[in-house]
$ cat run35.cif   # mmCIF, C-alpha atoms
data_structure
loop_
_atom_site.label_atom_id
_atom_site.label_comp_id
_atom_site.auth_asym_id
_atom_site.auth_seq_id
_atom_site.Cartn_x
_atom_site.Cartn_y
_atom_site.Cartn_z
CA MET A 1138 -25.47 141.81 -68.24
CA LYS A 1139 -27.13 141.29 -71.62
CA GLU A 1140 -24.05 139.42 -72.83
CA GLU A 1141 -24.30 137.11 -69.79
CA ALA A 1142 -27.95 136.31 -70.59
CA LEU A 1143 -27.04 135.46 -74.18
CA ARG A 1144 -24.12 133.34 -72.99
CA CYS A 1145 -26.49 131.36 -70.76
CA ILE A 1146 -28.84 130.73 -73.66
CA LEU A 1147 -26.04 129.62 -75.96
CA THR A 1148 -24.32 127.34 -73.43
CA ARG A 1149 -27.33 125.62 -71.81
CA ARG A 1150 -27.56 121.90 -72.57
CA SER A 1151 -29.96 119.19 -71.45
CA VAL A 1152 -28.60 117.17 -68.53
CA ARG A 1153 -29.29 113.45 -68.35
CA ASP A 1154 -27.25 112.46 -65.29
CA TYR A 1155 -27.78 114.08 -61.88
CA GLU A 1156 -26.17 114.06 -58.47
CA PRO A 1157 -28.54 112.64 -55.82
CA ARG A 1158 -28.32 115.70 -53.54
CA GLN A 1159 -31.41 117.88 -53.41
CA ILE A 1160 -31.39 121.39 -54.87
CA THR A 1161 -31.56 124.41 -52.60
CA GLU A 1162 -34.75 126.31 -51.88
CA GLU A 1163 -33.17 129.47 -53.32
CA ALA A 1164 -32.26 127.79 -56.62
CA LEU A 1165 -35.72 126.23 -56.92
CA ASP A 1166 -37.40 129.57 -56.22
CA ALA A 1167 -35.31 131.30 -58.91
CA VAL A 1168 -36.27 128.65 -61.48
CA LEU A 1169 -39.95 128.81 -60.55
CA GLN A 1170 -39.96 132.60 -60.72
CA ALA A 1171 -38.60 132.44 -64.26
CA GLY A 1172 -41.45 130.09 -65.18
CA LEU A 1173 -44.03 132.44 -63.70
CA TYR A 1174 -42.60 135.37 -65.68
CA ALA A 1175 -42.49 133.52 -69.00
CA PRO A 1176 -44.62 134.97 -71.80
CA CYS A 1177 -48.21 133.78 -72.07
CA GLY A 1178 -51.04 134.60 -74.45
CA GLN A 1179 -52.60 137.97 -73.62
CA GLY A 1180 -50.99 137.87 -70.17
CA SER A 1181 -53.47 135.17 -69.12
CA GLN A 1182 -51.18 133.57 -66.48
CA LEU A 1183 -52.95 130.22 -66.79
CA VAL A 1184 -49.79 128.12 -66.39
CA TYR A 1185 -49.32 126.24 -63.10
CA LEU A 1186 -46.06 124.82 -61.74
CA ALA A 1187 -45.90 121.84 -59.38
CA ALA A 1188 -42.43 121.62 -57.86
CA VAL A 1189 -41.85 118.11 -56.52
CA ARG A 1190 -38.93 117.32 -54.21
CA ASP A 1191 -40.69 114.74 -52.04
CA LYS A 1192 -39.02 111.43 -53.00
CA LYS A 1193 -42.20 109.37 -52.78
CA VAL A 1194 -44.13 111.68 -55.12
CA ARG A 1195 -41.08 112.10 -57.38
CA ASP A 1196 -40.84 108.32 -57.71
CA GLN A 1197 -44.57 108.10 -58.39
CA LEU A 1198 -44.22 110.59 -61.25
CA SER A 1199 -41.28 108.60 -62.59
CA ALA A 1200 -43.34 105.38 -62.51
CA MET A 1201 -46.29 107.08 -64.25
CA ASN A 1202 -44.04 108.48 -66.98
CA GLN A 1203 -42.19 105.18 -67.33
CA ALA A 1204 -45.48 103.28 -67.78
CA ILE A 1205 -46.31 105.50 -70.78
CA LEU A 1206 -42.79 105.42 -72.20
CA GLY A 1207 -42.13 101.74 -71.61
CA GLY A 1208 -38.75 100.39 -70.57
CA SER A 1209 -37.19 100.23 -67.16
CA SER A 1210 -35.04 103.34 -66.73
CA ASP A 1211 -35.97 106.52 -64.88
CA PRO A 1212 -37.42 109.01 -67.42
CA TYR A 1213 -36.14 111.84 -65.16
CA TYR A 1214 -32.54 110.58 -65.23
CA GLY A 1215 -32.23 110.49 -61.46
CA ALA A 1216 -32.98 114.19 -60.97
CA PRO A 1217 -33.97 114.82 -57.34
CA ALA A 1218 -36.54 117.48 -58.28
CA ILE A 1219 -39.24 117.61 -60.94
CA VAL A 1220 -41.26 120.63 -61.98
CA VAL A 1221 -44.52 119.66 -63.66
CA VAL A 1222 -45.90 122.33 -65.98
CA LEU A 1223 -49.66 122.35 -66.33
CA ALA A 1224 -51.95 124.77 -68.12
CA ASP A 1225 -55.63 125.56 -68.37
CA PRO A 1226 -56.85 124.53 -71.83
CA VAL A 1227 -59.53 127.24 -71.74
CA ARG A 1228 -56.84 129.41 -73.36
CA TYR A 1229 -56.09 128.24 -76.92
CA THR A 1230 -52.37 128.96 -76.41
CA TRP A 1231 -52.08 126.64 -73.39
CA VAL A 1232 -49.41 124.42 -74.97
CA GLU A 1233 -47.35 127.38 -76.16
CA ASP A 1234 -47.72 129.15 -72.80
CA GLY A 1235 -46.54 126.07 -70.89
CA SER A 1236 -43.69 125.59 -73.38
CA CYS A 1237 -42.50 129.15 -72.77
CA ALA A 1238 -42.49 128.46 -69.01
CA LEU A 1239 -40.45 125.28 -69.51
CA THR A 1240 -37.92 127.11 -71.69
CA ALA A 1241 -37.57 130.02 -69.27
CA MET A 1242 -37.03 127.61 -66.38
CA MET A 1243 -34.34 125.68 -68.28
CA GLU A 1244 -32.46 128.92 -68.93
CA ALA A 1245 -32.86 130.03 -65.30
CA ALA A 1246 -31.68 126.63 -64.04
CA HIS A 1247 -28.51 126.98 -66.08
CA ALA A 1248 -27.99 130.53 -64.80
CA VAL A 1249 -28.12 129.39 -61.14
CA GLY A 1250 -25.87 126.36 -61.66
CA LEU A 1251 -28.47 123.62 -62.05
CA GLY A 1252 -28.93 121.11 -64.82
CA SER A 1253 -32.30 120.48 -66.40
CA CYS A 1254 -34.01 118.46 -69.09
CA TRP A 1255 -37.46 118.83 -70.63
CA ILE A 1256 -39.34 115.56 -70.19
CA HIS A 1257 -42.41 114.71 -72.26
CA ARG A 1258 -45.57 112.67 -71.53
CA ALA A 1259 -47.00 115.04 -68.87
CA ARG A 1260 -50.19 115.30 -70.94
CA GLN A 1261 -50.81 111.57 -70.80
CA MET A 1262 -49.83 111.47 -67.12
CA PHE A 1263 -52.26 114.18 -66.04
CA ASP A 1264 -55.08 113.11 -68.33
CA SER A 1265 -55.10 109.80 -66.42
CA ALA A 1266 -57.13 109.02 -63.31
CA GLU A 1267 -53.91 108.85 -61.28
CA GLY A 1268 -52.83 112.26 -62.59
CA LYS A 1269 -56.25 113.79 -61.83
CA ALA A 1270 -55.98 112.39 -58.29
CA LEU A 1271 -52.59 114.09 -57.88
CA LEU A 1272 -54.03 117.39 -59.08
CA GLN A 1273 -56.77 117.07 -56.48
CA GLN A 1274 -54.22 116.24 -53.74
CA TRP A 1275 -52.19 119.28 -54.74
CA GLY A 1276 -55.24 121.57 -54.65
CA LEU A 1277 -55.10 122.26 -58.39
CA PRO A 1278 -58.04 122.26 -60.82
CA GLU A 1279 -58.63 118.83 -62.38
CA THR A 1280 -59.20 120.57 -65.72
CA LEU A 1281 -55.48 121.36 -66.05
CA ARG A 1282 -53.54 119.56 -68.77
CA GLY A 1283 -49.90 118.55 -68.62
CA VAL A 1284 -47.53 120.36 -70.98
CA GLY A 1285 -44.19 118.90 -69.87
CA SER A 1286 -41.97 118.25 -66.91
CA LEU A 1287 -38.56 119.57 -66.00
CA ALA A 1288 -35.96 117.24 -64.51
CA LEU A 1289 -33.95 119.49 -62.20
CA GLY A 1290 -30.80 119.00 -60.18
CA TYR A 1291 -27.03 119.30 -60.06
CA ALA A 1292 -25.35 117.78 -63.10
CA ALA A 1293 -23.26 114.69 -62.27
CA LYS A 1294 -20.84 115.62 -65.06
CA GLU A 1295 -20.21 118.48 -67.43
CA PRO A 1296 -22.63 118.40 -70.40
CA PRO A 1297 -21.02 118.07 -73.82
CA ALA A 1298 -20.24 121.12 -75.92
CA PRO A 1299 -23.02 122.18 -78.27
CA ALA A 1300 -23.08 120.67 -81.73
CA VAL A 1301 -22.27 122.94 -84.63
CA ARG A 1302 -25.51 124.53 -85.81
CA LYS A 1303 -26.82 123.34 -89.18
CA PRO A 1304 -26.50 126.05 -91.85
CA GLY A 1305 -29.30 127.36 -94.03
CA ARG A 1306 -31.97 127.58 -91.33
CA VAL A 1307 -32.18 131.38 -91.24
CA VAL A 1308 -33.49 133.52 -94.05
CA LYS A 1309 -33.28 137.29 -93.76
CA ILE A 1310 -35.88 139.07 -95.83
#

$ encode --input "run35.cif" --output "structure tokens"
Amino acid sequence: MKEEALRCILTRRSVRDYEPRQITEEALDAVLQAGLYAPCGQGSQLVYLAAVRDKKVRDQLSAMNQAILGGSSDPYYGAPAIVVVLADPVRYTWVEDGSCALTAMMEAAHAVGLGSCWIHRARQMFDSAEGKALLQQWGLPETLRGVGSLALGYAAKEPPAPAVRKPGRVVKI
């Protein structure tokens, strides 16, 4: 079992092309559970996950992200589901805590046969008036800050093999 977990970590790659079919409830729940169990500073559990599969809201998030990024392509690469990771900035490790949740969810997605990709600009999205309105609609505190988003779905094609790791980046003391 431990070897399987390590294999998942070493073979996971970001996916930037998704099938249009929606992910299953079971797969989504597994990914979200991994995010909830990710490490957080002093066990604070101040990371929130907004799982979006509603096409209208998904497209709204895409438009918000695209407006910050510029350009005309979908920042979520056509993924049918998006998980927005938000955290309460009252905890000074809020960015690190949210980042751990994103990483754990990417690994879990790979383990259950989904593709994923960490997407930036959630902070700008949820610091905006439109983002605050979404938080209110979702019943979440308006004080939350965006850490990142996870594009989530079935990969349209096999991701490329990992690049050879650059040498000299580990020092054993």

$ closest_residue --input "run35.cif" --among "A:Ala1246, A:Ala1270, A:Ala1164, A:Leu1287" --to "Val1222 of chain A" --atoms "all atoms listed in the file"
A:Leu1287

$ atom_distance --input "run35.cif" --atom1 "atom CA of Ser1236 of chain A" --atom2 "atom CA of Pro1304 of chain A"
25.2 Å

$ closest_residue --input "run35.cif" --among "A:Ala1187, A:Tyr1213, A:Gly1250, A:Trp1275" --to "Met1201 of chain A" --atoms "all atoms listed in the file"
A:Tyr1213

$ residues_around --input "run35.cif" --residues "segment 1147-1156 of chain A" --least-positions-apart "5" --cutoff "9 Å" --atoms "only C-alpha atoms" --output "list in words"
Ala1142, Tyr1213, Tyr1214, Gly1215, Ala1216, Pro1217, Met1243, Glu1244, Ala1246, His1247, Ala1248, Gly1252, Ser1253, Cys1254, Trp1255, Ala1288, Leu1289, Gly1290, Tyr1291, Ala1292, Ala1293, Lys1294, Glu1295, Pro1296, Pro1297, Ala1298 and Pro1299 of chain A

$ closest_residue --input "run35.cif" --among "A:Ala1245, A:Ile1219, A:Cys1145, A:Ala1167" --to "Val1194 of chain A" --atoms "all atoms listed in the file"
A:Ile1219

$ decode --input "run35.cif" --residues "segment 1220-1248 of chain A" --atoms "N, CA and C atoms" --output "PDB file, in the first residue's frame"
ATOM      1  N   VAL A1220     -12.816  22.949  -7.856  1.00  0.00           N
ATOM      2  CA  VAL A1220     -12.840  23.049  -6.400  1.00  0.00           C
ATOM      3  C   VAL A1220     -12.070  24.309  -6.031  1.00  0.00           C
ATOM      4  N   VAL A1221     -12.777  25.256  -5.425  1.00  0.00           N
ATOM      5  CA  VAL A1221     -12.150  26.494  -4.969  1.00  0.00           C
ATOM      6  C   VAL A1221     -11.692  26.278  -3.536  1.00  0.00           C
ATOM      7  N   VAL A1222     -10.434  26.595  -3.277  1.00  0.00           N
ATOM      8  CA  VAL A1222      -9.882  26.464  -1.930  1.00  0.00           C
ATOM      9  C   VAL A1222      -9.757  27.857  -1.326  1.00  0.00           C
ATOM     10  N   LEU A1223     -10.419  28.014  -0.199  1.00  0.00           N
ATOM     11  CA  LEU A1223     -10.452  29.288   0.515  1.00  0.00           C
ATOM     12  C   LEU A1223      -9.957  29.049   1.933  1.00  0.00           C
ATOM     13  N   ALA A1224      -9.429  30.093   2.557  1.00  0.00           N
ATOM     14  CA  ALA A1224      -8.953  29.931   3.928  1.00  0.00           C
ATOM     15  C   ALA A1224      -9.192  31.210   4.710  1.00  0.00           C
ATOM     16  N   ASP A1225      -9.291  31.041   6.003  1.00  0.00           N
ATOM     17  CA  ASP A1225      -9.496  32.179   6.899  1.00  0.00           C
ATOM     18  C   ASP A1225      -8.138  32.793   7.226  1.00  0.00           C
ATOM     19  N   PRO A1226      -7.919  34.053   6.853  1.00  0.00           N
ATOM     20  CA  PRO A1226      -6.610  34.673   7.073  1.00  0.00           C
ATOM     21  C   PRO A1226      -6.319  35.002   8.533  1.00  0.00           C
ATOM     22  N   VAL A1227      -7.236  34.685   9.445  1.00  0.00           N
ATOM     23  CA  VAL A1227      -6.965  34.896  10.860  1.00  0.00           C
ATOM     24  C   VAL A1227      -5.774  34.031  11.291  1.00  0.00           C
ATOM     25  N   ARG A1228      -5.582  32.927  10.610  1.00  0.00           N
ATOM     26  CA  ARG A1228      -4.451  32.024  10.877  1.00  0.00           C
ATOM     27  C   ARG A1228      -3.304  32.422   9.956  1.00  0.00           C
ATOM     28  N   TYR A1229      -2.131  32.707  10.501  1.00  0.00           N
ATOM     29  CA  TYR A1229      -1.020  33.198   9.680  1.00  0.00           C
ATOM     30  C   TYR A1229      -0.511  32.175   8.669  1.00  0.00           C
ATOM     31  N   THR A1230      -0.910  30.929   8.787  1.00  0.00           N
ATOM     32  CA  THR A1230      -0.506  29.898   7.820  1.00  0.00           C
ATOM     33  C   THR A1230      -1.607  29.614   6.798  1.00  0.00           C
ATOM     34  N   TRP A1231      -2.510  30.554   6.576  1.00  0.00           N
ATOM     35  CA  TRP A1231      -3.663  30.307   5.708  1.00  0.00           C
ATOM     36  C   TRP A1231      -3.267  29.910   4.291  1.00  0.00           C
ATOM     37  N   VAL A1232      -2.237  30.535   3.735  1.00  0.00           N
ATOM     38  CA  VAL A1232      -1.814  30.191   2.370  1.00  0.00           C
ATOM     39  C   VAL A1232      -1.213  28.786   2.346  1.00  0.00           C
ATOM     40  N   GLU A1233      -0.370  28.488   3.301  1.00  0.00           N
ATOM     41  CA  GLU A1233       0.251  27.164   3.370  1.00  0.00           C
ATOM     42  C   GLU A1233      -0.807  26.087   3.620  1.00  0.00           C
ATOM     43  N   ASP A1234      -1.761  26.372   4.497  1.00  0.00           N
ATOM     44  CA  ASP A1234      -2.810  25.398   4.799  1.00  0.00           C
ATOM     45  C   ASP A1234      -3.643  25.097   3.550  1.00  0.00           C
ATOM     46  N   GLY A1235      -4.034  26.137   2.827  1.00  0.00           N
ATOM     47  CA  GLY A1235      -4.790  25.937   1.593  1.00  0.00           C
ATOM     48  C   GLY A1235      -3.970  25.222   0.537  1.00  0.00           C
ATOM     49  N   SER A1236      -2.674  25.515   0.486  1.00  0.00           N
ATOM     50  CA  SER A1236      -1.784  24.858  -0.483  1.00  0.00           C
ATOM     51  C   SER A1236      -1.664  23.370  -0.185  1.00  0.00           C
ATOM     52  N   CYS A1237      -1.614  23.012   1.090  1.00  0.00           N
ATOM     53  CA  CYS A1237      -1.580  21.589   1.451  1.00  0.00           C
ATOM     54  C   CYS A1237      -2.863  20.899   0.997  1.00  0.00           C
ATOM     55  N   ALA A1238      -4.005  21.561   1.158  1.00  0.00           N
ATOM     56  CA  ALA A1238      -5.274  20.973   0.731  1.00  0.00           C
ATOM     57  C   ALA A1238      -5.284  20.765  -0.780  1.00  0.00           C
ATOM     58  N   LEU A1239      -4.805  21.749  -1.535  1.00  0.00           N
ATOM     59  CA  LEU A1239      -4.748  21.619  -2.990  1.00  0.00           C
ATOM     60  C   LEU A1239      -3.863  20.443  -3.397  1.00  0.00           C
ATOM     61  N   THR A1240      -2.708  20.321  -2.776  1.00  0.00           N
ATOM     62  CA  THR A1240      -1.786  19.237  -3.105  1.00  0.00           C
ATOM     63  C   THR A1240      -2.396  17.877  -2.778  1.00  0.00           C
ATOM     64  N   ALA A1241      -2.989  17.756  -1.603  1.00  0.00           N
ATOM     65  CA  ALA A1241      -3.610  16.481  -1.216  1.00  0.00           C
ATOM     66  C   ALA A1241      -4.726  16.113  -2.185  1.00  0.00           C
ATOM     67  N   MET A1242      -5.505  17.099  -2.623  1.00  0.00           N
ATOM     68  CA  MET A1242      -6.596  16.811  -3.552  1.00  0.00           C
ATOM     69  C   MET A1242      -6.079  16.413  -4.930  1.00  0.00           C
ATOM     70  N   MET A1243      -4.976  16.990  -5.381  1.00  0.00           N
ATOM     71  CA  MET A1243      -4.396  16.583  -6.664  1.00  0.00           C
ATOM     72  C   MET A1243      -3.940  15.131  -6.608  1.00  0.00           C
ATOM     73  N   GLU A1244      -3.316  14.741  -5.515  1.00  0.00           N
ATOM     74  CA  GLU A1244      -2.854  13.361  -5.359  1.00  0.00           C
ATOM     75  C   GLU A1244      -4.053  12.405  -5.289  1.00  0.00           C
ATOM     76  N   ALA A1245      -5.089  12.796  -4.540  1.00  0.00           N
ATOM     77  CA  ALA A1245      -6.283  11.950  -4.427  1.00  0.00           C
ATOM     78  C   ALA A1245      -6.985  11.825  -5.779  1.00  0.00           C
ATOM     79  N   ALA A1246      -7.056  12.926  -6.521  1.00  0.00           N
ATOM     80  CA  ALA A1246      -7.689  12.882  -7.847  1.00  0.00           C
ATOM     81  C   ALA A1246      -6.989  11.848  -8.722  1.00  0.00           C
ATOM     82  N   HIS A1247      -5.675  11.877  -8.722  1.00  0.00           N
ATOM     83  CA  HIS A1247      -4.911  10.915  -9.517  1.00  0.00           C
ATOM     84  C   HIS A1247      -5.195   9.486  -9.050  1.00  0.00           C
ATOM     85  N   ALA A1248      -5.273   9.290  -7.744  1.00  0.00           N
ATOM     86  CA  ALA A1248      -5.502   7.955  -7.192  1.00  0.00           C
ATOM     87  C   ALA A1248      -6.870   7.388  -7.590  1.00  0.00           C
TER      88      ALA A1248
END
